[in-house]
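Asks: This is the content of data_10.cif (mmCIF, C-alpha atoms (C1' of nucleotides)):
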```cif
data_query
loop_
_atom_site.group_PDB
_atom_site.id
_atom_site.type_symbol
_atom_site.label_atom_id
_atom_site.label_comp_id
_atom_site.auth_asym_id
_atom_site.auth_seq_id
_atom_site.Cartn_x
_atom_site.Cartn_y
_atom_site.Cartn_z
ATOM 1 C CA MET A 15 119.425 125.668 103.985
ATOM 2 C CA ARG A 16 116.781 126.899 101.598
ATOM 3 C CA ILE A 17 114.135 124.862 99.873
ATOM 4 C CA GLY A 18 116.059 124.164 96.683
ATOM 5 C CA GLU A 19 118.937 122.588 98.504
ATOM 6 C CA LEU A 20 116.706 120.461 100.687
ATOM 7 C CA ALA A 21 114.910 119.308 97.579
ATOM 8 C CA SER A 22 118.044 118.214 95.803
ATOM 9 C CA ARG A 23 119.529 116.605 98.895
ATOM 10 C CA ALA A 24 116.389 114.646 99.631
ATOM 11 C CA GLY A 25 115.766 113.872 96.000
ATOM 12 C CA VAL A 26 112.322 115.395 95.718
ATOM 13 C CA SER A 27 110.895 118.434 93.970
ATOM 14 C CA VAL A 28 110.515 121.856 95.497
ATOM 15 C CA ARG A 29 106.821 121.557 94.806
ATOM 16 C CA SER A 30 106.645 118.415 96.896
ATOM 17 C CA LEU A 31 108.278 120.083 99.874
ATOM 18 C CA ARG A 32 105.771 122.907 99.820
ATOM 19 C CA TYR A 33 103.042 120.323 99.542
ATOM 20 C CA TYR A 34 104.390 118.430 102.545
ATOM 21 C CA GLU A 35 104.344 121.611 104.574
ATOM 22 C CA GLU A 36 100.802 122.327 103.464
ATOM 23 C CA GLN A 37 99.837 118.846 104.641
ATOM 24 C CA GLY A 38 101.532 119.327 107.983
ATOM 25 C CA LEU A 39 104.309 116.818 107.357
ATOM 26 C CA LEU A 40 107.101 119.325 107.437
ATOM 27 C CA THR A 41 107.712 122.672 109.073
ATOM 28 C CA SER A 42 110.094 125.460 108.223
ATOM 29 C CA THR A 43 111.342 128.627 109.770
ATOM 30 C CA ARG A 44 110.893 131.699 107.662
ATOM 31 C CA SER A 45 113.403 134.406 106.961
ATOM 32 C CA SER A 46 112.207 137.986 107.286
ATOM 33 C CA SER A 47 111.505 138.011 103.592
ATOM 34 C CA GLY A 48 109.389 134.897 103.895
ATOM 35 C CA GLN A 49 111.769 132.322 102.517
ATOM 36 C CA ARG A 50 111.737 128.852 104.061
ATOM 37 C CA HIS A 51 114.809 127.666 105.923
ATOM 38 C CA TYR A 52 115.561 124.145 107.048
ATOM 39 C CA THR A 53 118.062 122.373 109.247
ATOM 40 C CA ASP A 54 120.053 119.332 108.149
ATOM 41 C CA ASP A 55 117.711 117.066 110.079
ATOM 42 C CA GLU A 56 114.936 117.790 107.667
ATOM 43 C CA VAL A 57 116.715 115.864 104.940
ATOM 44 C CA GLU A 58 116.312 112.706 106.930
ATOM 45 C CA ARG A 59 112.717 113.529 107.674
ATOM 46 C CA VAL A 60 111.877 114.026 104.022
ATOM 47 C CA VAL A 61 113.509 110.717 103.160
ATOM 48 C CA PHE A 62 111.435 109.085 105.875
ATOM 49 C CA ILE A 63 108.267 110.602 104.451
ATOM 50 C CA GLN A 64 109.215 109.316 101.037
ATOM 51 C CA ARG A 65 109.606 105.822 102.386
ATOM 52 C CA LEU A 66 106.158 105.890 103.878
ATOM 53 C CA TYR A 67 104.706 107.162 100.632
ATOM 54 C CA ALA A 68 106.441 104.336 98.835
ATOM 55 C CA ALA A 69 104.829 101.921 101.249
ATOM 56 C CA GLY A 70 101.443 103.211 100.241
ATOM 57 C CA LEU A 71 100.612 105.529 103.113
ATOM 58 C CA SER A 72 98.793 108.751 102.400
ATOM 59 C CA SER A 73 99.679 112.195 103.680
ATOM 60 C CA ARG A 74 96.738 112.066 106.030
ATOM 61 C CA THR A 75 97.920 108.783 107.515
ATOM 62 C CA ILE A 76 101.470 109.979 107.878
ATOM 63 C CA VAL A 77 100.281 113.062 109.714
ATOM 64 C CA GLU A 78 98.544 110.842 112.216
ATOM 65 C CA LEU A 79 101.757 108.960 112.897
ATOM 66 C CA LEU A 80 103.875 112.034 113.386
ATOM 67 C CA PRO A 81 103.292 112.417 117.118
ATOM 68 C CA CYS A 82 105.244 109.163 117.502
ATOM 69 C CA VAL A 83 108.095 110.641 115.524
ATOM 70 C CA ASP A 84 108.143 114.087 117.022
ATOM 71 C CA SER A 85 107.419 113.402 120.648
ATOM 72 C CA PRO A 86 107.542 109.729 121.515
ATOM 73 C CA SER A 87 107.746 110.926 125.071
ATOM 74 C CA GLU A 88 104.214 112.166 125.338
ATOM 75 C CA GLN A 89 101.592 109.629 126.159
ATOM 76 C CA ASN A 90 99.087 111.788 124.365
ATOM 77 C CA SER A 91 100.389 109.951 121.337
ATOM 78 C CA GLU A 92 98.647 106.809 122.556
ATOM 79 C CA GLU A 93 96.210 106.935 119.683
ATOM 80 C CA ALA A 94 99.022 107.640 117.255
ATOM 81 C CA PHE A 95 100.918 104.665 118.583
ATOM 82 C CA GLU A 96 98.034 102.303 117.951
ATOM 83 C CA ARG A 97 97.752 103.726 114.497
ATOM 84 C CA LEU A 98 101.435 103.109 113.998
ATOM 85 C CA VAL A 99 101.126 99.450 114.883
ATOM 86 C CA TYR A 100 98.083 99.146 112.658
ATOM 87 C CA GLU A 101 99.847 100.664 109.664
ATOM 88 C CA ARG A 102 102.807 98.413 110.269
ATOM 89 C CA GLY A 103 100.434 95.513 109.820
ATOM 90 C CA ARG A 104 99.007 96.936 106.654
ATOM 91 C CA ILE A 105 102.460 97.343 105.192
ATOM 92 C CA ASP A 106 103.171 93.748 106.064
ATOM 93 C CA GLN A 107 100.059 92.725 104.212
ATOM 94 C CA HIS A 108 101.045 94.886 101.288
ATOM 95 C CA ILE A 109 104.458 93.261 101.158
ATOM 96 C CA LYS A 110 102.835 89.862 100.925
ATOM 97 C CA GLU A 111 100.742 90.985 97.987
ATOM 98 C CA ILE A 112 103.728 92.349 96.170
ATOM 99 C CA LEU A 113 105.738 89.222 96.855
ATOM 100 C CA SER A 114 102.989 87.159 95.335
ATOM 101 C CA ALA A 115 102.980 89.463 92.309
ATOM 102 C CA ARG A 116 106.694 88.881 91.990
ATOM 103 C CA ASP A 117 106.172 85.151 92.257
ATOM 104 C CA ALA A 118 103.579 85.323 89.522
ATOM 105 C CA LEU A 119 106.014 87.149 87.275
ATOM 106 C CA ASP A 120 108.725 84.648 88.119
ATOM 107 C CA ARG A 121 106.531 81.771 87.066
ATOM 108 C CA LEU A 122 105.716 83.623 83.888
ATOM 109 C CA ILE A 123 109.368 84.260 83.201
ATOM 110 C CA ASP A 124 110.204 80.610 83.739
ATOM 111 C CA ALA A 125 107.424 79.478 81.446
ATOM 112 C CA ASN A 126 108.547 81.819 78.710
ATOM 113 C CA ARG A 127 112.192 80.945 79.127
ATOM 114 C CA ALA A 128 111.388 77.272 78.998
ATOM 115 C CA HIS A 129 109.614 77.794 75.744
ATOM 116 C CA ARG A 130 112.457 79.791 74.317
ATOM 117 C CA ASP A 131 114.955 77.100 75.261
ATOM 118 C CA ARG A 132 112.842 74.536 73.529
ATOM 119 C CA LEU A 133 112.960 76.656 70.383
ATOM 120 C CA THR A 134 116.672 77.260 70.632
ATOM 121 C CA THR A 135 117.669 73.634 71.087
ATOM 122 C CA HIS A 136 115.411 72.672 68.217
ATOM 123 C CA MET B 1 79.061 83.796 83.986
ATOM 124 C CA ARG B 2 78.012 87.403 83.723
ATOM 125 C CA ILE B 3 79.913 90.447 84.859
ATOM 126 C CA GLY B 4 78.379 90.704 88.305
ATOM 127 C CA GLU B 5 79.401 87.208 89.263
ATOM 128 C CA LEU B 6 82.919 87.642 87.964
ATOM 129 C CA ALA B 7 83.166 90.849 89.948
ATOM 130 C CA SER B 8 82.150 89.255 93.203
ATOM 131 C CA ARG B 9 84.264 86.160 92.652
ATOM 132 C CA ALA B 10 87.347 88.176 91.854
ATOM 133 C CA GLY B 11 86.619 90.756 94.498
ATOM 134 C CA VAL B 12 86.530 93.804 92.275
ATOM 135 C CA SER B 13 83.812 96.154 91.116
ATOM 136 C CA VAL B 14 81.822 95.766 87.936
ATOM 137 C CA ARG B 15 83.088 99.152 86.906
ATOM 138 C CA SER B 16 86.651 97.945 87.164
ATOM 139 C CA LEU B 17 85.996 94.950 84.935
ATOM 140 C CA ARG B 18 84.582 97.159 82.225
ATOM 141 C CA TYR B 19 87.590 99.394 82.615
ATOM 142 C CA TYR B 20 89.948 96.432 82.263
ATOM 143 C CA GLU B 21 88.248 95.470 79.053
ATOM 144 C CA GLU B 22 88.492 99.023 77.786
ATOM 145 C CA GLN B 23 92.213 98.918 78.520
ATOM 146 C CA GLY B 24 92.661 95.616 76.738
ATOM 147 C CA LEU B 25 93.411 93.596 79.859
ATOM 148 C CA LEU B 26 90.354 91.431 79.624
ATOM 149 C CA THR B 27 88.102 90.180 76.867
ATOM 150 C CA SER B 28 84.569 88.909 76.952
ATOM 151 C CA THR B 29 82.187 87.195 74.628
ATOM 152 C CA ARG B 30 78.914 88.958 74.156
ATOM 153 C CA SER B 31 75.453 87.464 74.211
ATOM 154 C CA SER B 32 73.110 88.434 71.407
ATOM 155 C CA SER B 33 71.746 91.191 73.603
ATOM 156 C CA GLY B 34 75.214 92.539 74.215
ATOM 157 C CA GLN B 35 75.842 91.273 77.722
ATOM 158 C CA ARG B 36 79.351 90.189 78.620
ATOM 159 C CA HIS B 37 80.004 86.557 79.395
ATOM 160 C CA TYR B 38 83.103 85.078 80.962
ATOM 161 C CA THR B 39 84.599 81.678 81.588
ATOM 162 C CA ASP B 40 85.872 80.516 84.968
ATOM 163 C CA ASP B 41 89.425 81.164 83.860
ATOM 164 C CA GLU B 42 88.799 84.870 83.859
ATOM 165 C CA VAL B 43 88.532 84.892 87.640
ATOM 166 C CA GLU B 44 92.136 83.862 87.877
ATOM 167 C CA ARG B 45 93.110 86.406 85.278
ATOM 168 C CA VAL B 46 91.442 89.244 87.145
ATOM 169 C CA VAL B 47 93.165 88.205 90.336
ATOM 170 C CA PHE B 48 96.454 88.222 88.471
ATOM 171 C CA ILE B 49 95.776 91.705 87.164
ATOM 172 C CA GLN B 50 94.984 92.843 90.679
ATOM 173 C CA ARG B 51 98.276 91.510 91.911
ATOM 174 C CA LEU B 52 100.156 93.471 89.301
ATOM 175 C CA TYR B 53 98.234 96.604 90.175
ATOM 176 C CA ALA B 54 99.119 96.040 93.811
ATOM 177 C CA ALA B 55 102.751 95.809 92.792
ATOM 178 C CA GLY B 56 102.505 99.235 91.239
ATOM 179 C CA LEU B 57 102.182 98.382 87.561
ATOM 180 C CA SER B 58 99.905 100.479 85.402
ATOM 181 C CA SER B 59 97.311 99.229 82.957
ATOM 182 C CA ARG B 60 99.528 100.257 80.111
ATOM 183 C CA THR B 61 102.424 98.256 81.473
ATOM 184 C CA ILE B 62 100.308 95.206 82.115
ATOM 185 C CA VAL B 63 99.007 95.311 78.569
ATOM 186 C CA GLU B 64 102.573 95.162 77.340
ATOM 187 C CA LEU B 65 103.222 92.034 79.376
ATOM 188 C CA LEU B 66 100.127 90.200 78.251
ATOM 189 C CA PRO B 67 101.664 88.570 75.188
ATOM 190 C CA CYS B 68 103.762 86.540 77.634
ATOM 191 C CA VAL B 69 100.652 85.447 79.459
ATOM 192 C CA ASP B 70 98.474 84.745 76.476
ATOM 193 C CA SER B 71 100.885 83.231 74.027
ATOM 194 C CA PRO B 72 104.226 82.419 75.579
ATOM 195 C CA SER B 73 104.708 80.277 72.500
ATOM 196 C CA GLU B 74 105.140 83.115 70.040
ATOM 197 C CA GLN B 75 108.536 84.616 69.750
ATOM 198 C CA ASN B 76 106.902 87.844 68.662
ATOM 199 C CA SER B 77 106.602 88.385 72.386
ATOM 200 C CA GLU B 78 110.340 88.903 72.545
ATOM 201 C CA GLU B 79 109.885 92.543 73.402
ATOM 202 C CA ALA B 80 107.206 91.691 75.932
ATOM 203 C CA PHE B 81 109.532 89.193 77.537
ATOM 204 C CA GLU B 82 112.251 91.755 78.033
ATOM 205 C CA ARG B 83 109.686 94.053 79.501
ATOM 206 C CA LEU B 84 108.612 91.300 81.818
ATOM 207 C CA VAL B 85 112.102 90.824 83.150
ATOM 208 C CA TYR B 86 112.512 94.553 83.514
ATOM 209 C CA GLU B 87 109.310 94.944 85.498
ATOM 210 C CA ARG B 88 110.322 92.042 87.668
ATOM 211 C CA GLY B 89 113.385 94.039 88.580
ATOM 212 C CA ARG B 90 111.347 97.119 89.340
ATOM 213 C CA ILE B 91 109.091 95.166 91.641
ATOM 214 C CA ASP B 92 112.145 93.852 93.398
ATOM 215 C CA GLN B 93 113.335 97.382 93.905
ATOM 216 C CA HIS B 94 109.924 98.399 95.142
ATOM 217 C CA ILE B 95 109.932 95.575 97.661
ATOM 218 C CA LYS B 96 113.221 96.808 99.040
ATOM 219 C CA GLU B 97 111.787 100.281 99.522
ATOM 220 C CA ILE B 98 108.775 98.961 101.328
ATOM 221 C CA LEU B 99 110.879 96.732 103.516
ATOM 222 C CA SER B 100 112.908 99.723 104.545
ATOM 223 C CA ALA B 101 109.711 101.595 105.333
ATOM 224 C CA ARG B 102 108.652 98.706 107.516
ATOM 225 C CA ASP B 103 112.008 98.747 109.248
ATOM 226 C CA ALA B 104 111.620 102.443 109.895
ATOM 227 C CA LEU B 105 108.230 101.857 111.478
ATOM 228 C CA ASP B 106 109.623 99.003 113.528
ATOM 229 C CA ARG B 107 112.323 101.218 114.946
ATOM 230 C CA LEU B 108 109.694 103.814 115.706
ATOM 231 C CA ILE B 109 107.511 101.263 117.426
ATOM 232 C CA ASP B 110 110.427 100.043 119.512
ATOM 233 C CA ALA B 111 111.355 103.547 120.530
ATOM 234 C CA ASN B 112 107.816 104.340 121.576
ATOM 235 C CA ARG B 113 107.378 101.066 123.384
ATOM 236 C CA ALA B 114 110.608 101.569 125.234
ATOM 237 C CA HIS B 115 109.390 104.899 126.415
ATOM 238 C CA ARG B 116 106.079 103.526 127.504
ATOM 239 C CA ASP B 117 107.784 100.775 129.500
ATOM 240 C CA ARG B 118 109.868 103.352 131.236
ATOM 241 C CA LEU B 119 106.700 105.148 132.266
ATOM 242 C CA THR B 120 104.950 101.965 133.351
ATOM 243 C CA THR B 121 107.750 100.692 135.527
ATOM 244 C CA HIS B 122 108.064 104.085 137.131
ATOM 245 C "C1'" DC C 1 52.833 89.428 82.138
ATOM 246 C "C1'" DT C 2 55.159 92.129 85.358
ATOM 247 C "C1'" DA C 3 58.229 93.802 88.746
ATOM 248 C "C1'" DA C 4 62.847 93.574 90.565
ATOM 249 C "C1'" DG C 5 67.230 93.433 89.785
ATOM 250 C "C1'" DA C 6 71.317 92.773 86.494
ATOM 251 C "C1'" DC C 7 73.208 94.810 82.641
ATOM 252 C "C1'" DC C 8 74.305 98.226 78.779
ATOM 253 C "C1'" DT C 9 76.690 102.805 77.065
ATOM 254 C "C1'" DG C 10 78.267 107.270 77.814
ATOM 255 C "C1'" DA C 11 79.559 110.810 80.492
ATOM 256 C "C1'" DC C 12 80.981 113.509 84.222
ATOM 257 C "C1'" DA C 13 83.063 113.459 89.170
ATOM 258 C "C1'" DT C 14 86.691 112.200 92.403
ATOM 259 C "C1'" DT C 15 91.118 111.665 94.820
ATOM 260 C "C1'" DG C 16 96.095 112.353 95.778
ATOM 261 C "C1'" DA C 17 100.480 113.853 94.835
ATOM 262 C "C1'" DC C 18 102.259 116.352 92.376
ATOM 263 C "C1'" DG C 19 103.463 119.612 87.558
ATOM 264 C "C1'" DT C 20 103.283 124.031 85.738
ATOM 265 C "C1'" DC C 21 102.578 128.786 85.053
ATOM 266 C "C1'" DA C 22 101.993 133.734 86.191
ATOM 267 C "C1'" DG C 23 103.350 137.663 88.504
ATOM 268 C "C1'" DA C 24 106.148 139.494 92.053
ATOM 269 C "C1'" DG C 25 109.924 139.853 95.211
ATOM 270 C "C1'" DG C 26 114.773 138.347 97.197
ATOM 271 C "C1'" DC C 27 119.844 137.780 96.835
ATOM 272 C "C1'" DA C 28 124.679 137.368 95.383
ATOM 273 C "C1'" DA C 29 128.145 138.512 91.759
ATOM 274 C "C1'" DG C 30 130.104 141.557 88.655
ATOM 275 C "C1'" DC D 26 122.529 148.730 89.701
ATOM 276 C "C1'" DT D 27 121.608 145.167 86.884
ATOM 277 C "C1'" DT D 28 121.446 140.440 85.567
ATOM 278 C "C1'" DG D 29 120.328 135.800 86.583
ATOM 279 C "C1'" DC D 30 118.753 132.521 89.585
ATOM 280 C "C1'" DC D 31 116.003 131.301 93.660
ATOM 281 C "C1'" DT D 32 111.890 131.850 96.137
ATOM 282 C "C1'" DC D 33 107.093 133.277 97.181
ATOM 283 C "C1'" DT D 34 101.746 132.620 96.704
ATOM 284 C "C1'" DG D 35 97.856 131.164 94.260
ATOM 285 C "C1'" DA D 36 95.672 128.816 90.955
ATOM 286 C "C1'" DC D 37 94.759 125.694 87.462
ATOM 287 C "C1'" DG D 38 96.234 121.205 85.013
ATOM 288 C "C1'" DT D 39 97.213 116.153 85.107
ATOM 289 C "C1'" DC D 40 96.845 111.208 85.411
ATOM 290 C "C1'" DA D 41 95.037 106.708 86.601
ATOM 291 C "C1'" DA D 42 91.693 103.857 88.495
ATOM 292 C "C1'" DT D 43 87.359 104.055 89.906
ATOM 293 C "C1'" DG D 44 82.751 106.077 91.607
ATOM 294 C "C1'" DT D 45 78.414 107.570 90.195
ATOM 295 C "C1'" DC D 46 74.462 108.858 87.595
ATOM 296 C "C1'" DA D 47 71.151 108.849 83.763
ATOM 297 C "C1'" DG D 48 68.308 106.622 80.610
ATOM 298 C "C1'" DG D 49 67.483 102.490 78.515
ATOM 299 C "C1'" DT D 50 67.459 97.165 77.807
ATOM 300 C "C1'" DC D 51 67.551 92.091 79.614
ATOM 301 C "C1'" DT D 52 66.497 88.381 82.429
ATOM 302 C "C1'" DT D 53 64.147 85.760 85.643
ATOM 303 C "C1'" DA D 54 61.085 84.547 89.538
ATOM 304 C "C1'" DG D 55 56.481 84.529 90.679
#
```
Would you mind writing the structure in this file as structure tokens?
Replies:
Amino acid sequence: MRIGELASRAGVSVRSLRYYEEQGLLTSTRSSSGQRHYTDDEVERVVFIQRLYAAGLSSRTIVELLPCVDSPSEQNSEEAFERLVYERGRIDQHIKEILSARDALDRLIDANRAHRDRLTTH
Amino acid sequence: MRIGELASRAGVSVRSLRYYEEQGLLTSTRSSSGQRHYTDDEVERVVFIQRLYAAGLSSRTIVELLPCVDSPSEQNSEEAFERLVYERGRIDQHIKEILSARDALDRLIDANRAHRDRLTTH
DNA sequence: CTAAGACCTGACATTGACGTCAGAGGCAAG
DNA sequence: CTTGCCTCTGACGTCAATGTCAGGTCTTAG
């Protein structure tokens, strides 16, 4: 498949895919005329990358984790594996922060709703 | 307290506090010489702002929620209240994304660990 | 009084993940 | 063969939160 199709299937822009390749997150085979071609697997990979972005990881960080994705068999990914565990912890921390933000909003919502009810029943 | 103390208590930079004020997230009283002064309450407020930032809200969005924080008593914050509920939903969505990123990393960690064990017991 | 260290405003710099545009070539249908 | 859409590279633009610097003022300990 060509880049446009991968983009629409994975729900990202064509620009983003070229950027991912530039950052070393994604590879493509090239047709003789230079156009990028992808296999179906790449859809999944792009979605995975998106998830990590959503969790606050940067391209640079994701690149460092890729050995664990691409060749979990090599023990040269020892360093990458430690990084993986570390980032997992950071995400966990991040989740806690966001949960506490949600809690704060919930309390705010309750307070406001309580006030509204008081006005309504008045 | 002056800006430096608020910054260190809330764990943010002085620059950020001035930026928050510029964006309408924070107010300060000024001494005759123009220096900003804050009450203890502001520490809590800054922490709250940080939480919302961590949850992915922008300054602009936070400003729109502030009426609910500052005067939950006014019903002119009707619009702000709806926004509040809406953003709560977005955060919820965001949490789900991050959880699925964490799951993805967990699966990756398991796969790598499994491989390592296979090597070790060999 | 004076020196060190906070603070002020205003402005430009930075970073990351893209958007967007220009100019050129590729490809399938009619 | 042309028309319309996709793709290419390269480069510049953007946005938000913050860093950083300059040049000046305040405050406080000694």
Asks: Check which residues of chain B sit at most 9 Å from chain C using all atoms listed in the file, and return one row each with the closest pair of atoms and their distance in Å to one decimal, ordered by chain and rising number, as CSV.
Replies:
```
residue,atom,partner,partner_atom,distance
B:Arg2,CA,C:DC7,C1',8.9
B:Ile3,CA,C:DC7,C1',8.3
B:Gly4,CA,C:DA6,C1',7.6
B:Gly34,CA,C:DC8,C1',7.3
B:Gln35,CA,C:DC7,C1',6.6
B:Arg36,CA,C:DC7,C1',8.7
```
Asks: May I have the selected residues written with C-alpha atoms, as a PDB file, in the coordinates of the input?
Replies:
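What follows is the written file out.pdb:
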```pdb
ATOM      1  CA  ARG B   2      78.012  87.403  83.723  1.00  0.00           C
ATOM      2  CA  ILE B   3      79.913  90.447  84.859  1.00  0.00           C
ATOM      3  CA  GLY B   4      78.379  90.704  88.305  1.00  0.00           C
ATOM      4  CA  GLY B  34      75.214  92.539  74.215  1.00  0.00           C
ATOM      5  CA  GLN B  35      75.842  91.273  77.722  1.00  0.00           C
ATOM      6  CA  ARG B  36      79.351  90.189  78.620  1.00  0.00           C
TER       7      ARG B  36
END
```
Asks: Which residue, A:Arg65, A:Arg104, A:Arg74, A:Arg97, has the smallest gap to chain B when you use only C-alpha atoms?
Replies: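 For chain B, the nearest of the candidates is A:Arg65.
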Asks: For the PyMOL selection byres ((chain B) within 6 of (chain A)), applied here, can you spell out every residue it catches as a list in words?
Replies: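 Answer for the PyMOL selection byres ((chain B) within 6 of (chain A)): Arg51, Leu52, Ala55, Pro72, Ile98, Ala101 and Asn112 of chain B.
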Asks: Evaluate the PyMOL selection byres ((chain D) within 9 of (chain A)) here and jot the selected residues down as a PyMOL selection string.
Replies: chain D and resi 31-33
Asks: Hey, what's within 10 Å of Val14 in chain B if we count only C-alpha atoms (C1' of nucleotides) and toss same-chain stuff fewer than 5 positions away? As number ranges by chain, please?
Replies: B: 3-8, 19-20
Asks: How would chain A read as a short mmCIF file (atom, residue, chain, number, x, y, z; two decimals) with C-alpha atoms, in the frame of the given file after a least-squares superposition onto chain B over every Cα atom, matched in order?
Replies:
```cif
data_model
loop_
_atom_site.label_atom_id
_atom_site.label_comp_id
_atom_site.auth_asym_id
_atom_site.auth_seq_id
_atom_site.Cartn_x
_atom_site.Cartn_y
_atom_site.Cartn_z
CA MET A 15 79.07 83.79 83.82
CA ARG A 16 78.00 87.40 83.60
CA ILE A 17 79.89 90.42 84.79
CA GLY A 18 78.34 90.63 88.25
CA GLU A 19 79.36 87.14 89.16
CA LEU A 20 82.89 87.57 87.88
CA ALA A 21 83.14 90.75 89.90
CA SER A 22 82.09 89.14 93.13
CA ARG A 23 84.21 86.05 92.57
CA ALA A 24 87.30 88.07 91.80
CA GLY A 25 86.57 90.61 94.47
CA VAL A 26 86.48 93.68 92.28
CA SER A 27 83.76 96.04 91.12
CA VAL A 28 81.78 95.69 87.94
CA ARG A 29 83.09 99.09 86.96
CA SER A 30 86.64 97.83 87.23
CA LEU A 31 85.98 94.90 84.94
CA ARG A 32 84.58 97.15 82.26
CA TYR A 33 87.58 99.38 82.72
CA TYR A 34 89.95 96.43 82.32
CA GLU A 35 88.25 95.51 79.08
CA GLU A 36 88.50 99.08 77.87
CA GLN A 37 92.22 98.97 78.62
CA GLY A 38 92.66 95.70 76.78
CA LEU A 39 93.41 93.64 79.88
CA LEU A 40 90.35 91.47 79.62
CA THR A 41 88.11 90.25 76.85
CA SER A 42 84.57 88.97 76.89
CA THR A 43 82.19 87.26 74.56
CA ARG A 44 78.92 89.03 74.07
CA SER A 45 75.46 87.56 74.11
CA SER A 46 73.12 88.57 71.31
CA SER A 47 71.74 91.27 73.54
CA GLY A 48 75.21 92.62 74.18
CA GLN A 49 75.83 91.31 77.65
CA ARG A 50 79.35 90.23 78.56
CA HIS A 51 80.00 86.58 79.30
CA TYR A 52 83.09 85.09 80.87
CA THR A 53 84.58 81.67 81.47
CA ASP A 54 85.84 80.49 84.84
CA ASP A 55 89.41 81.15 83.77
CA GLU A 56 88.80 84.84 83.80
CA VAL A 57 88.51 84.83 87.57
CA GLU A 58 92.12 83.82 87.82
CA ARG A 59 93.11 86.38 85.25
CA VAL A 60 91.41 89.19 87.12
CA VAL A 61 93.13 88.14 90.33
CA PHE A 62 96.43 88.17 88.47
CA ILE A 63 95.75 91.68 87.19
CA GLN A 64 94.95 92.78 90.70
CA ARG A 65 98.25 91.46 91.94
CA LEU A 66 100.13 93.43 89.35
CA TYR A 67 98.21 96.56 90.22
CA ALA A 68 99.09 95.99 93.85
CA ALA A 69 102.72 95.77 92.85
CA GLY A 70 102.48 99.19 91.31
CA LEU A 71 102.16 98.37 87.64
CA SER A 72 99.88 100.47 85.48
CA SER A 73 97.30 99.23 83.02
CA ARG A 74 99.53 100.28 80.17
CA THR A 75 102.43 98.25 81.54
CA ILE A 76 100.29 95.22 82.17
CA VAL A 77 99.01 95.33 78.62
CA GLU A 78 102.57 95.17 77.39
CA LEU A 79 103.22 92.04 79.41
CA LEU A 80 100.13 90.23 78.25
CA PRO A 81 101.67 88.59 75.19
CA CYS A 82 103.77 86.56 77.65
CA VAL A 83 100.64 85.47 79.43
CA ASP A 84 98.46 84.79 76.45
CA SER A 85 100.88 83.25 74.01
CA PRO A 86 104.22 82.42 75.57
CA SER A 87 104.72 80.29 72.51
CA GLU A 88 105.14 83.10 70.06
CA GLN A 89 108.55 84.61 69.78
CA ASN A 90 106.93 87.82 68.69
CA SER A 91 106.62 88.38 72.40
CA GLU A 92 110.37 88.90 72.59
CA GLU A 93 109.91 92.55 73.43
CA ALA A 94 107.22 91.69 75.95
CA PHE A 95 109.54 89.19 77.56
CA GLU A 96 112.26 91.76 78.08
CA ARG A 97 109.69 94.06 79.53
CA LEU A 98 108.60 91.30 81.85
CA VAL A 99 112.10 90.81 83.20
CA TYR A 100 112.51 94.55 83.57
CA GLU A 101 109.29 94.93 85.55
CA ARG A 102 110.30 92.02 87.72
CA GLY A 103 113.36 94.03 88.64
CA ARG A 104 111.34 97.10 89.39
CA ILE A 105 109.08 95.15 91.69
CA ASP A 106 112.14 93.84 93.46
CA GLN A 107 113.32 97.38 93.95
CA HIS A 108 109.90 98.39 95.17
CA ILE A 109 109.90 95.57 97.70
CA LYS A 110 113.18 96.81 99.09
CA GLU A 111 111.76 100.28 99.55
CA ILE A 112 108.73 98.97 101.35
CA LEU A 113 110.84 96.74 103.55
CA SER A 114 112.89 99.72 104.57
CA ALA A 115 109.68 101.61 105.34
CA ARG A 116 108.63 98.73 107.53
CA ASP A 117 111.99 98.76 109.25
CA ALA A 118 111.62 102.46 109.90
CA LEU A 119 108.23 101.88 111.48
CA ASP A 120 109.64 99.02 113.52
CA ARG A 121 112.35 101.23 114.93
CA LEU A 122 109.74 103.84 115.71
CA ILE A 123 107.56 101.29 117.43
CA ASP A 124 110.47 100.07 119.51
CA ALA A 125 111.43 103.58 120.52
CA ASN A 126 107.89 104.38 121.57
CA ARG A 127 107.43 101.11 123.39
CA ALA A 128 110.68 101.61 125.22
CA HIS A 129 109.49 104.96 126.39
CA ARG A 130 106.17 103.58 127.49
CA ASP A 131 107.86 100.83 129.48
CA ARG A 132 109.98 103.38 131.21
CA LEU A 133 106.82 105.23 132.23
CA THR A 134 105.06 102.09 133.35
CA THR A 135 107.85 100.79 135.55
CA HIS A 136 108.22 104.22 137.09
#
```
Asks: On this file, the PyMOL selection byres ((chain B and resi 37) around 6) gives some set of residues; write that set as a PyMOL selection string.
Replies: chain B and resi 1-2+28-30+36+38
Asks: From (90.5, 87.6, 87.5), in the file's coordinates, out to 10 Å: which residues are reached, counting all atoms listed in the file? Answer as number ranges by chain.
Replies: B: 6-7, 9-12, 17, 26, 40-51
Asks: Within 12 Å of (95.8, 124.6, 96.0) (coordinates as in the file), grab all the protein and nucleic acid residues, counting only C-alpha atoms (C1' of nucleotides), and write them out as a list of chain:residue names.
Replies: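 Residues with an atom at most 12 Å from (95.8, 124.6, 96.0): A:Arg29, A:Arg32, A:Tyr33, A:Glu36, A:Gln37, C:DA17, C:DC18, D:DT34, D:DG35, D:DA36, D:DC37, D:DG38.
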Asks: Can you tell me how far CA of Gln107 in chain A sits from CA of Ser30 in chain A, in Å to one decimal?
Replies: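 For CA of Gln107 in chain A relative to CA of Ser30 in chain A, the distance reads 27.5 Å.
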